[in-house]
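A.B. asks: Quick one: the structure is below, and I'll ask about it shortly.
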Amino acid sequence: MKRHNASMLAIFFGVFPLLLSGCQAPPAEPVAKSISVHVATVTRMTLPDVLELNGIVNPLPNQSAKVAAMVPGVLTQVGPQAGDWVHRNQEVAQLQQSVQSAQLQQAQAAYQMADANWLKAKTGSRPQEIAQAQATVQAASATLQNAEKNRIRMQKLLQDNIAAGKDVDLAISQERAARAQLQVAKANLSLFMHGPRQEDRLAAKAQANQAAAMLAQAKANFNFTRIVSPIDGIVAERYANIGDQAGPNTPIFLVVNPRTVLIQANMPVGYNAKVAIGQMVNTLLPDQGQGITGKVISIGIKVDPVSNTVPIQIEVSNPQQALKIGMAVKARIVLSEHQDALVIPKACLISLSSKPDQYKVNMVVNGQSIPIAVKPGILSNTQAEILSGLKPGEKVITDIGYELPEKTPVVIAK
């Protein structure tokens, strides 16, 4: 009997631990660790609707010039350096002048001769020339009379067998020569009396005009050896030096007037009705927080089919030359202002990968993150208008760029 009781006790104590192990409670789940986050409060404020464009600074039309020589030649003087300010009609370089100087002297001599001939043809003969021609006629007439008398005398002497036949022939030829000289003298007198013919005058005038034109061209070529700036501006680039060959197709300087500049940008076509010529624009420089005010001066009418944009030009006064030609800037145009708008930091918005046009935010409620769908309105660089989904005073996480699981424990960082 005792042996039987001992066996029963052994069985009981062997099974009892197993029964106890089956009755123990399951282990507790681990408690989720809180995430430290930064939050912002939903507030109301006036939020501008801003169109921001990327633009490039360019000079105004007719305010940029590549200065070149009008005639080919070798540079003997080159004045300003890059960065120097030059004025309109200021001499900035000079070509060798020997060839143009010789051509100018030749043209001046030709013009003086042609002009004198034209003056002579225009005014006719002078009284002294007419008197001289009349005296020549009288002398020739007297010579003819003497020749006639001598011929008559010789013929009579021949009849009387005193003179030889050859003497008569000589007298006859002398009379003919004297008659011819008289005719020439009378013709010259007639020319002096009537002056040059109309066609001679026209020819003399045409020759004088041609000589004047050639002289003007020679003067222009000589003046072209002096190279001047066509505008006020700064020498942006210098391409040549003394001794270099210059010509119409070889620029020496690039001169740009930077006092007023033009920003060229492209605007999405959806903003055509919101932007007008004359609208104010704030131009932001890459290295400065503050902008420079300008205005829209033109909006293109041709749409780029690739980018679906139209060109827009913005004129900006630039007296301090803060805007450099070729600089990339941002142009901000205020389209409208929304008063008393519900606003959160733009960094709070979370774009859904499956639906890019829909957004959520992580809102903090009682130490937990709750994902909330929102509908944004105006989006600026740093702020976002909320049309629905949030209320003033609510807290939203600013430094988590993805949707947290609902009721994720969070701790607001100080």
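Letters A, B, ... mark the chains of the structure tokens in the order given; residue numbers begin at 1 per chain; ligand numbers begin at 1, in order shown.
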Tell me, as a PyMOL selection string, which residues lie within 6 Å of range 34-42 of chain A, counting only C-alpha atoms; anything in the same chain fewer than 4 positions away does not count.

C.D. replies: chain A and resi 343-344+392-398+409-413

A.B. asks: What lies within 7 Å of range 182-186 of chain A using only C-alpha atoms, ignoring chain neighbours under 4 positions off, as number ranges by chain?

C.D. replies: A: 133, 136-137, 140-141, 178, 190

A.B. asks: The selected residues should be written to file as a compact mmCIF listing (two decimals), in the first residue's frame (atoms: N, CA and C atoms).

C.D. replies:
```txt
# COMPACT_ATOMS: atom_id res chain seq x y z
N ALA A 133 39.86 137.29 -128.08
CA ALA A 133 39.41 136.64 -129.32
C ALA A 133 39.09 137.67 -130.39
N THR A 136 42.24 138.85 -131.87
CA THR A 136 42.80 137.84 -132.77
C THR A 136 42.11 137.89 -134.13
N VAL A 137 40.78 138.11 -134.13
CA VAL A 137 40.05 138.23 -135.39
C VAL A 137 40.53 139.44 -136.19
N ALA A 140 43.90 138.72 -137.63
CA ALA A 140 43.80 137.79 -138.75
C ALA A 140 43.22 138.47 -139.98
N SER A 141 42.26 139.39 -139.78
CA SER A 141 41.67 140.14 -140.90
C SER A 141 42.71 141.02 -141.56
N ALA A 178 46.09 132.94 -144.61
CA ALA A 178 45.56 134.06 -143.83
C ALA A 178 44.04 134.00 -143.73
N SER A 190 33.31 133.23 -131.81
CA SER A 190 31.91 132.79 -131.68
C SER A 190 31.74 131.88 -130.46
```

A.B. asks: Find the residues near Ile301 in chain A: any atom within 10 Å, counting only C-alpha atoms, skip ones fewer than 3 places away on the same chain, and give them as a JSON list (two decimals) with N, CA and C atoms, in the first residue's frame.

C.D. replies:
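What landed in result-v6.json:
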```
[["chain", "number", "residue", "atom", "x", "y", "z"],
["A", 269, "VAL", "N", 1.24, 78.35, -70.95],
["A", 269, "VAL", "CA", 0.12, 79.00, -71.64],
["A", 269, "VAL", "C", -1.10, 79.16, -70.74],
["A", 272, "ASN", "N", -1.83, 82.86, -69.51],
["A", 272, "ASN", "CA", -1.99, 83.97, -70.45],
["A", 272, "ASN", "C", -3.00, 84.99, -69.97],
["A", 298, "SER", "N", 6.39, 92.43, -72.96],
["A", 298, "SER", "CA", 5.84, 91.72, -74.12],
["A", 298, "SER", "C", 5.54, 90.27, -73.75],
["A", 304, "ASP", "N", 5.44, 77.21, -77.92],
["A", 304, "ASP", "CA", 6.41, 76.14, -78.14],
["A", 304, "ASP", "C", 5.68, 74.81, -77.93],
["A", 309, "THR", "N", 4.77, 76.49, -73.79],
["A", 309, "THR", "CA", 5.00, 77.80, -73.18],
["A", 309, "THR", "C", 5.06, 78.87, -74.26],
["A", 310, "VAL", "N", 4.93, 80.12, -73.82],
["A", 310, "VAL", "CA", 5.10, 81.26, -74.71],
["A", 310, "VAL", "C", 6.21, 82.14, -74.16],
["A", 311, "PRO", "N", 6.95, 82.82, -75.03],
["A", 311, "PRO", "CA", 8.02, 83.70, -74.53],
["A", 311, "PRO", "C", 7.44, 84.94, -73.87],
["A", 312, "ILE", "N", 8.11, 85.39, -72.82],
["A", 312, "ILE", "CA", 7.71, 86.61, -72.11],
["A", 312, "ILE", "C", 8.98, 87.42, -71.84]]
```

A.B. asks: At a cut-off of 7 Å, can you tabulate as CSV every residue of range 297-400 of chain A near range 273-282 of chain A together with its closest atom pair and the distance in Å to one decimal, using only C-alpha atoms and ordering rows by chain then number?

C.D. replies:
```
residue,atom,partner,partner_atom,distance
A:Ile297,CA,A:Ile277,CA,5.3
A:Ser298,CA,A:Ile277,CA,6.0
A:Ala331,CA,A:Asn282,CA,5.7
A:Arg332,CA,A:Asn282,CA,5.1
A:Ile333,CA,A:Val281,CA,4.9
A:Leu335,CA,A:Lys274,CA,6.3
```

A.B. asks: Would you mind exporting C-alpha atoms of the selected residues as a JSON list (two decimals), in the first residue's frame?

C.D. replies:
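Okay, this is what ended up in again31.json:
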```
[["chain", "number", "residue", "atom", "x", "y", "z"],
["A", 297, "ILE", "CA", 6.83, 94.49, -71.70],
["A", 298, "SER", "CA", 5.84, 91.72, -74.12],
["A", 331, "ALA", "CA", 11.07, 86.22, -61.97],
["A", 332, "ARG", "CA", 8.13, 86.22, -59.54],
["A", 333, "ILE", "CA", 4.79, 87.64, -60.72],
["A", 335, "LEU", "CA", -1.20, 87.02, -59.86]]
```

A.B. asks: Show me a table, sorted first by chain and then by increasing residue number, of the residues of range 99-139 of chain A having an atom at most 12 Å from range 225-242 of chain A, each with its shortest atom pair and the distance in Å to one decimal, counting only C-alpha atoms and written as CSV.

C.D. replies:
```
residue,atom,partner,partner_atom,distance
A:Val99,CA,A:Thr225,CA,10.3
A:Gln100,CA,A:Thr225,CA,8.1
A:Ser101,CA,A:Thr225,CA,9.9
```

A.B. asks: Keeping only C-alpha atoms, write those residues as a JSON list (two decimals), in the first residue's frame.

C.D. replies:
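Writing done, so here's part_6.json:
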```
[["chain", "number", "residue", "atom", "x", "y", "z"],
["A", 99, "VAL", "CA", 46.38, 103.94, -98.00],
["A", 100, "GLN", "CA", 43.21, 105.86, -97.15],
["A", 101, "SER", "CA", 45.20, 109.11, -96.78]]
```

A.B. asks: Could you work out how far CA of Val256 in chain A lies from CA of Asp84 in chain A, giving the answer in Å with one decimal?

C.D. replies: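 If I compute the distance from CA of Asp84 in chain A to CA of Val256 in chain A, I get 10.7 Å.
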
A.B. asks: Residues at most 6 Å from range 65-78 of chain A, counting only C-alpha atoms, excluding those fewer than 6 positions away in the same chain, as number ranges by chain?

C.D. replies: A: 93-96, 224, 242-248, 251-255

A.B. asks: As an exercise, work out the distance from CA of Gln103 in chain A to CA of Gln207 in chain A in Å and give it to one decimal place.

C.D. replies: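 The value is 18.0 Å.
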
A.B. asks: Name all residues at most 9 Å from Arg176 in chain A (count only C-alpha atoms; drop same-chain ones fewer than 3 positions away) and give them as a ChimeraX atom specification.

C.D. replies: /A:144,147-148,171-173,179-181

A.B. asks: Between CA of Val303 in chain A and CA of Asn54 in chain A, measure the distance and give it in Å to one decimal.

C.D. replies: 17.0 Å

A.B. asks: Give me the residues within 8 Å of Ala107 in chain A as a CSV table (one decimal) with C-alpha atoms, in the first residue's frame, counting only C-alpha atoms and dropping any in the same chain fewer than 2 places off.

C.D. replies:
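Output file selection.csv follows:
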```csv
chain,number,residue,atom,x,y,z
A,103,GLN,CA,43.3,108.0,-101.8
A,104,LEU,CA,41.9,111.0,-100.1
A,105,GLN,CA,44.5,113.3,-101.5
A,109,ALA,CA,42.8,116.8,-106.6
A,110,ALA,CA,40.4,115.2,-109.0
A,111,TYR,CA,37.5,117.0,-107.5
A,211,ALA,CA,34.5,113.7,-108.5
A,214,MET,CA,34.5,109.9,-105.1
A,215,LEU,CA,35.9,112.5,-102.7
A,218,ALA,CA,37.5,108.7,-99.9
```

A.B. asks: Let me make sure I understand: among A:Gln108, A:Val261, A:Asp287, A:Ile152, which one has the smallest atom-to-atom distance to Gln217 in chain A if we use only C-alpha atoms?

C.D. replies: A:Gln108

A.B. asks: Taking only C-alpha atoms into account, name the residue in A:Lys205, A:Lys166, A:Lys33, A:Arg44 that is nearest to Asp340 in chain A.

C.D. replies: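 Closest to Asp340 in chain A, using only C-alpha atoms: A:Arg44.
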
A.B. asks: Looking only at helix (DSSP H, G or I) from DSSP on the backbone, list the matching residues of range 4-232 of chain A as a VMD selection string.

C.D. replies: chain A and resid 4 to 22 98 to 123 127 to 159 165 to 194 198 to 223

A.B. asks: Neighbours of Leu157 in chain A within 12 Å (only C-alpha atoms; same-chain residues fewer than 5 positions away dropped), as number ranges by chain?

C.D. replies: A: 150-152, 162-168, 171

A.B. asks: Closest to Asp49 in chain A among A:Trp85, A:Tyr402, A:Tyr271, A:Phe222, using only C-alpha atoms?

C.D. replies: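 That would be A:Tyr271, the residue with the smallest distance to Asp49 in chain A.
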